[in-house]
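The structure appears below as structure tokens.
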Amino acid sequence: MKLATRIALSVTVVVPLLVLAAGLLVLGLVSRDLHQQQDTRLQDRASAVLPDVKAMLLNGRPKAEQNQHRKVLGDVLDAGIRVRTTDGTVVLEGGPQPADPVRLPERTPDGPVTVRAKGHAWRVLTVPVAGPAPGTFWLFTPASAADPQVVAVRRRVLLVALLAAPVSGLLAYALAGRATASVRRLSRRAAALDPGAGAAAFATAPVNIAEVDELATAIGQLLARYEEQAARTAQALDTARSFSSAASHELRTPLMSMRTDLDVLAAHPDLSPAERAEIVRDLQSDHARLLDLLTALRMLARGDLVEVSAFASLDLSELVDTVSGETGRHHPTVRIEAELPPALRVFGWDAGLAILLANLLGNAVVHGHLPDEPARIAVRLRAEGGHAVLTVDDAGPGIPPGEREAVFRRFHHRPGSPGSGLGLTLVAQQVALHQGTISIGTPPDAAGTRVEVRLPLSAADAPTLRLPRRRDWISRGD
């Protein structure tokens, strides 16, 4: 059932009920007002007839009494009257009044009261008469005297309720149809939308109807989330395919080398211990290279798929100190000097920054020394201009200026390098994810290489980090 039809039916039922409810309220108020007017008339007539009643009680002559009766009855008009002396003698009775026997109230200090007799209700006002000839008189009027007016009001209320049902239903249907036209247009646009078009194709101007504009905004946000999730899914699939392709390509050489060594061992069981030990060393070296390569590819893929929810405020000084200590323990011959502030907070991914530091220091350990000399690495961290500045200096042969950009490319190897060619690629990926910068230069007071990384410091409030839309470090070749 259409929304307009539902609204019309609801109005058709509700409006007559509201009219009836309002009519009953009005009917009660009208009935009360009519009774108040009736009581007021009784009191006014009592005030008007009181002097004549006193005169009648004083006048004992029959002729004068008869004339006085006529005057009193004429003053009360359509009301009934009963006059009684103190000894209980009724001296005047006329007009509509309750039939005997009925007990009449001796006093009505708060105004007329209702008396019932033989199924009829009467409004009765008791008026004591003081003076030389005391007595009491009562004025009567039927309580149902206002009923014709009440019945007329009731009929009009019912008539209005009956007419309100169809009229309100038709008006409600027309107005609801007009009000829901924008919803129908929005529904047609949503039904005809191409899912591949995305949220931009659904953008529409506001129609100044709050509910419709809220619905359009909600649909647009839903499409935007769907579009973002679809892009992330596609990126994840591309990352998986790139991981498989890169692993297949890069693992082929060490696997073939290991296969050759295994074939030699199998074909020549009589090899000398020295030759066998050399082949085993080659196998161990290729195996270590395989592990390094798979670990680096896994880390690269992990960085391509990380979400903002993994980022938090952390102490970079503590993390640098931890990674420097681990590197020193794994390479006891390497001298690592760390100059760190007590605390320096950044908004980052803990695992990603650990990857960055481990590969940065690992690269300095491997390449940061001259032949036959131990590696010497100086690590410094400071705050400068809203950034955390990390420098890693080594005493190696350095990197020529023309090759400094190339070292961040995937699978870039320097001659004789034992690594996977992904170490500095991982560093560059994490720097980009943390909205930082990285540069390679020369230490100011010695030969070698300086790698400088700048990362934004944590703001006082929660930072708003937006990850790069293009995250394809595992698949890019440059």
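As shown in the structure tokens, the chain order sets the letters A, B, ...; within each chain, residues go from 1, and ligands are also counted from 1 in the order they appear.
For Ala447 of chain A, the list of residues within 12 Å, based on only C-alpha atoms and with local chain neighbours fewer than 6 positions off taken out, reads Gly368, His369, Leu370, Arg376, Asp393, Asp394, Ala395, Gly396, Pro397, Gly398, Ile399, Pro400 and Gly441 of chain A.
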With N, CA, C and O atoms retained, could you export that selection as an mmCIF file, in the first residue's frame?
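The result, stored in again-v3.cif:
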```cif
data_model
loop_
_atom_site.group_PDB
_atom_site.id
_atom_site.type_symbol
_atom_site.label_atom_id
_atom_site.label_comp_id
_atom_site.auth_asym_id
_atom_site.auth_seq_id
_atom_site.Cartn_x
_atom_site.Cartn_y
_atom_site.Cartn_z
ATOM 1 N N GLY A 368 76.754 0.096 6.130
ATOM 2 C CA GLY A 368 77.320 1.287 6.762
ATOM 3 C C GLY A 368 78.711 1.112 7.311
ATOM 4 O O GLY A 368 79.010 1.643 8.397
ATOM 5 N N HIS A 369 79.572 0.393 6.631
ATOM 6 C CA HIS A 369 80.960 0.268 7.110
ATOM 7 C C HIS A 369 81.860 -0.031 5.925
ATOM 8 O O HIS A 369 81.425 -0.535 4.879
ATOM 9 N N LEU A 370 83.117 0.266 6.088
ATOM 10 C CA LEU A 370 84.122 -0.043 5.075
ATOM 11 C C LEU A 370 84.608 -1.468 5.277
ATOM 12 O O LEU A 370 84.423 -2.060 6.356
ATOM 13 N N ARG A 376 79.627 1.528 12.422
ATOM 14 C CA ARG A 376 79.366 2.514 13.466
ATOM 15 C C ARG A 376 78.127 3.313 13.044
ATOM 16 O O ARG A 376 78.106 3.934 11.966
ATOM 17 N N ASP A 393 73.039 7.878 10.871
ATOM 18 C CA ASP A 393 74.311 8.096 10.180
ATOM 19 C C ASP A 393 75.155 6.834 10.278
ATOM 20 O O ASP A 393 75.197 6.169 11.324
ATOM 21 N N ASP A 394 75.806 6.489 9.152
ATOM 22 C CA ASP A 394 76.752 5.378 9.176
ATOM 23 C C ASP A 394 78.089 5.845 8.613
ATOM 24 O O ASP A 394 78.199 6.953 8.084
ATOM 25 N N ALA A 395 79.109 4.991 8.751
ATOM 26 C CA ALA A 395 80.462 5.329 8.290
ATOM 27 C C ALA A 395 80.847 4.514 7.075
ATOM 28 O O ALA A 395 82.015 4.163 6.883
ATOM 29 N N GLY A 396 79.860 4.195 6.227
ATOM 30 C CA GLY A 396 80.125 3.372 5.060
ATOM 31 C C GLY A 396 80.600 4.175 3.871
ATOM 32 O O GLY A 396 80.958 5.351 3.995
ATOM 33 N N PRO A 397 80.599 3.565 2.715
ATOM 34 C CA PRO A 397 81.112 4.235 1.512
ATOM 35 C C PRO A 397 80.181 5.328 0.996
ATOM 36 O O PRO A 397 80.581 6.105 0.117
ATOM 37 N N GLY A 398 78.941 5.390 1.504
ATOM 38 C CA GLY A 398 78.005 6.405 1.047
ATOM 39 C C GLY A 398 77.263 5.976 -0.214
ATOM 40 O O GLY A 398 77.580 4.961 -0.841
ATOM 41 N N ILE A 399 76.293 6.785 -0.596
ATOM 42 C CA ILE A 399 75.483 6.517 -1.789
ATOM 43 C C ILE A 399 75.636 7.710 -2.718
ATOM 44 O O ILE A 399 75.376 8.851 -2.317
ATOM 45 N N PRO A 400 76.080 7.496 -3.959
ATOM 46 C CA PRO A 400 76.214 8.612 -4.896
ATOM 47 C C PRO A 400 74.879 9.338 -5.086
ATOM 48 O O PRO A 400 73.811 8.725 -5.031
ATOM 49 N N GLY A 441 71.434 11.739 2.490
ATOM 50 C CA GLY A 441 72.508 12.690 2.296
ATOM 51 C C GLY A 441 73.797 12.157 2.877
ATOM 52 O O GLY A 441 74.007 10.937 2.968
#
```
- Message: From the options A:Phe137, A:Ser324, A:Val26, A:Leu20, which residue's atoms come nearest to Leu50 of chain A, counting only C-alpha atoms?
- Response: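 Between A:Phe137, A:Ser324, A:Val26, A:Leu20, the residue approaching Leu50 of chain A most closely is A:Phe137.
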Can you write out as CSV which residues of segment 125-172 of chain A fall within 6 Å of segment 79-95 of chain A, alongside each residue's closest atom pair and its distance in Å to one decimal, counting only C-alpha atoms and ordering rows by chain and ascending residue number?
```
residue,atom,partner,partner_atom,distance
A:Gly135,CA,A:Thr85,CA,4.2
A:Thr136,CA,A:Arg84,CA,5.4
A:Phe137,CA,A:Val83,CA,4.2
A:Trp138,CA,A:Arg82,CA,5.2
A:Leu139,CA,A:Ile81,CA,4.6
A:Phe140,CA,A:Gly80,CA,4.6
A:Thr141,CA,A:Ala79,CA,5.2
```
Suppose we keep C-alpha atoms; can you now write the selection as a PDB file, in the first residue's frame?
```pdb
ATOM      1  CA  GLY A 135     -42.742  31.176  55.317  1.00  0.00           C
ATOM      2  CA  THR A 136     -40.912  29.454  52.472  1.00  0.00           C
ATOM      3  CA  PHE A 137     -41.398  29.329  48.756  1.00  0.00           C
ATOM      4  CA  TRP A 138     -39.839  27.107  46.090  1.00  0.00           C
ATOM      5  CA  LEU A 139     -39.253  27.760  42.410  1.00  0.00           C
ATOM      6  CA  PHE A 140     -39.136  24.820  39.985  1.00  0.00           C
ATOM      7  CA  THR A 141     -37.997  24.337  36.417  1.00  0.00           C
TER       8      THR A 141
END
```
- Query: For Ala161 of chain A, which residue among A:Ile336, A:Val366, A:Pro16, A:Ile377 is the nearest when counting only C-alpha atoms?
  - Reply: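 When distances to Ala161 of chain A are compared using only C-alpha atoms, the smallest one comes from A:Pro16.
Atom CA of Ala364 of chain A is positioned 17.2 Å from atom CA of Pro401 of chain A.
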- Item | Residue nearest Thr391 of chain A among A:Gln284, A:Thr442, A:Thr5, A:Ser272 (counting only C-alpha atoms) |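 Once distances to Thr391 of chain A are computed over only C-alpha atoms, the minimum belongs to A:Thr442.
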Based on DSSP run over this structure's backbone, return all residues of segment 77-159 of chain A in strand (DSSP E), as a short mmCIF file (atom, residue, chain, number, x, y, z; two decimals) with N, CA and C atoms, in the first residue's frame.
```cif
data_model
loop_
_atom_site.label_atom_id
_atom_site.label_comp_id
_atom_site.auth_asym_id
_atom_site.auth_seq_id
_atom_site.Cartn_x
_atom_site.Cartn_y
_atom_site.Cartn_z
N GLY A 80 -42.35 26.89 37.95
CA GLY A 80 -43.34 26.49 38.95
C GLY A 80 -43.03 27.13 40.29
N ILE A 81 -44.07 27.32 41.12
CA ILE A 81 -43.87 27.95 42.43
C ILE A 81 -44.76 27.26 43.45
N ARG A 82 -44.25 27.18 44.66
CA ARG A 82 -45.01 26.64 45.79
C ARG A 82 -44.66 27.49 47.00
N VAL A 83 -45.72 28.02 47.66
CA VAL A 83 -45.53 28.88 48.82
C VAL A 83 -46.16 28.18 50.02
N ARG A 84 -45.41 28.17 51.12
CA ARG A 84 -45.90 27.49 52.33
C ARG A 84 -45.60 28.35 53.53
N THR A 85 -46.60 28.35 54.43
CA THR A 85 -46.43 29.09 55.68
C THR A 85 -45.61 28.25 56.65
N VAL A 90 -49.89 25.12 52.53
CA VAL A 90 -49.51 25.57 51.19
C VAL A 90 -50.53 26.62 50.75
N VAL A 91 -50.10 27.86 50.58
CA VAL A 91 -51.01 28.95 50.22
C VAL A 91 -50.98 29.24 48.73
N LEU A 92 -49.92 28.72 48.00
CA LEU A 92 -49.88 28.95 46.55
C LEU A 92 -49.11 27.80 45.92
N GLU A 93 -49.64 27.29 44.84
CA GLU A 93 -49.00 26.20 44.10
C GLU A 93 -49.42 26.34 42.65
N GLY A 94 -48.47 26.52 41.79
CA GLY A 94 -48.79 26.65 40.39
C GLY A 94 -47.58 26.46 39.50
N VAL A 113 -30.79 23.12 43.34
CA VAL A 113 -30.36 21.72 43.39
C VAL A 113 -31.32 20.91 42.54
N THR A 114 -30.92 19.64 42.27
CA THR A 114 -31.74 18.75 41.45
C THR A 114 -32.54 17.83 42.35
N VAL A 115 -33.82 17.73 42.04
CA VAL A 115 -34.74 16.84 42.75
C VAL A 115 -35.39 15.93 41.73
N ARG A 116 -35.47 14.64 42.05
CA ARG A 116 -36.05 13.68 41.12
C ARG A 116 -37.36 13.15 41.70
N ALA A 117 -38.34 13.07 40.81
CA ALA A 117 -39.67 12.57 41.22
C ALA A 117 -40.32 11.88 40.03
N HIS A 120 -38.58 12.05 36.61
CA HIS A 120 -38.29 13.38 36.07
C HIS A 120 -37.35 14.11 37.01
N ALA A 121 -36.52 14.97 36.44
CA ALA A 121 -35.56 15.76 37.22
C ALA A 121 -35.98 17.22 37.18
N TRP A 122 -35.85 17.89 38.34
CA TRP A 122 -36.24 19.28 38.48
C TRP A 122 -35.10 20.04 39.15
N ARG A 123 -34.95 21.27 38.71
CA ARG A 123 -34.03 22.19 39.39
C ARG A 123 -34.87 23.00 40.36
N VAL A 124 -34.52 22.96 41.64
CA VAL A 124 -35.32 23.55 42.70
C VAL A 124 -34.48 24.58 43.44
N LEU A 125 -35.10 25.77 43.68
CA LEU A 125 -34.48 26.82 44.48
C LEU A 125 -35.38 27.11 45.66
N THR A 126 -34.84 26.98 46.87
CA THR A 126 -35.59 27.25 48.11
C THR A 126 -35.26 28.65 48.59
N VAL A 127 -36.33 29.45 48.87
CA VAL A 127 -36.14 30.83 49.33
C VAL A 127 -36.92 31.03 50.63
N PRO A 128 -36.27 31.17 51.77
CA PRO A 128 -36.96 31.47 53.02
C PRO A 128 -37.50 32.90 53.00
N VAL A 129 -38.68 33.09 53.59
CA VAL A 129 -39.31 34.41 53.65
C VAL A 129 -39.33 34.84 55.12
N GLY A 135 -42.36 32.37 56.05
CA GLY A 135 -42.74 31.18 55.32
C GLY A 135 -41.61 30.78 54.37
N THR A 136 -41.91 29.94 53.45
CA THR A 136 -40.91 29.45 52.47
C THR A 136 -41.59 29.29 51.12
N PHE A 137 -40.86 29.65 50.08
CA PHE A 137 -41.40 29.33 48.76
C PHE A 137 -40.29 28.69 47.93
N TRP A 138 -40.74 27.86 46.98
CA TRP A 138 -39.84 27.11 46.09
C TRP A 138 -40.14 27.46 44.64
N LEU A 139 -39.10 27.58 43.85
CA LEU A 139 -39.25 27.76 42.41
C LEU A 139 -38.75 26.50 41.72
N PHE A 140 -39.47 26.06 40.69
CA PHE A 140 -39.14 24.82 39.98
C PHE A 140 -39.00 25.10 38.50
N THR A 141 -38.08 24.36 37.88
CA THR A 141 -38.00 24.34 36.42
C THR A 141 -37.49 22.96 36.01
N PRO A 142 -38.04 22.37 34.96
CA PRO A 142 -37.58 21.03 34.56
C PRO A 142 -36.08 21.05 34.21
#
```
Write out as a JSON list (two decimals) with N, CA, C and O atoms, in the first residue's frame which residues come within 8 Å of Gln435 of chain A when counting only C-alpha atoms, dropping same-chain ones fewer than 5 positions away.
```
[["chain", "number", "residue", "atom", "x", "y", "z"],
["A", 455, "LEU", "N", 58.56, 12.87, 10.65],
["A", 455, "LEU", "CA", 57.19, 12.42, 10.90],
["A", 455, "LEU", "C", 56.45, 13.48, 11.70],
["A", 455, "LEU", "O", 57.03, 14.09, 12.61],
["A", 456, "PRO", "N", 55.17, 13.74, 11.41],
["A", 456, "PRO", "CA", 54.42, 14.75, 12.17],
["A", 456, "PRO", "C", 54.27, 14.33, 13.62],
["A", 456, "PRO", "O", 54.02, 13.16, 13.94],
["A", 467, "LEU", "N", 45.07, 8.06, 5.11],
["A", 467, "LEU", "CA", 46.06, 7.22, 4.45],
["A", 467, "LEU", "C", 46.05, 7.51, 2.95],
["A", 467, "LEU", "O", 45.03, 7.89, 2.39]]
```
- Query: What lies within 10 Å of Leu27 of chain A using only C-alpha atoms, ignoring chain neighbours under 2 positions off, as a VMD selection string?
  - Reply: chain A and resid 20 to 25 29 to 33 149 to 154 157
- Task: Determine the nearest neighbour of Gly328 of chain A from the options A:Leu457, A:Leu340, A:Ala375, A:Met299, counting only C-alpha atoms.
- Result: A:Ala375
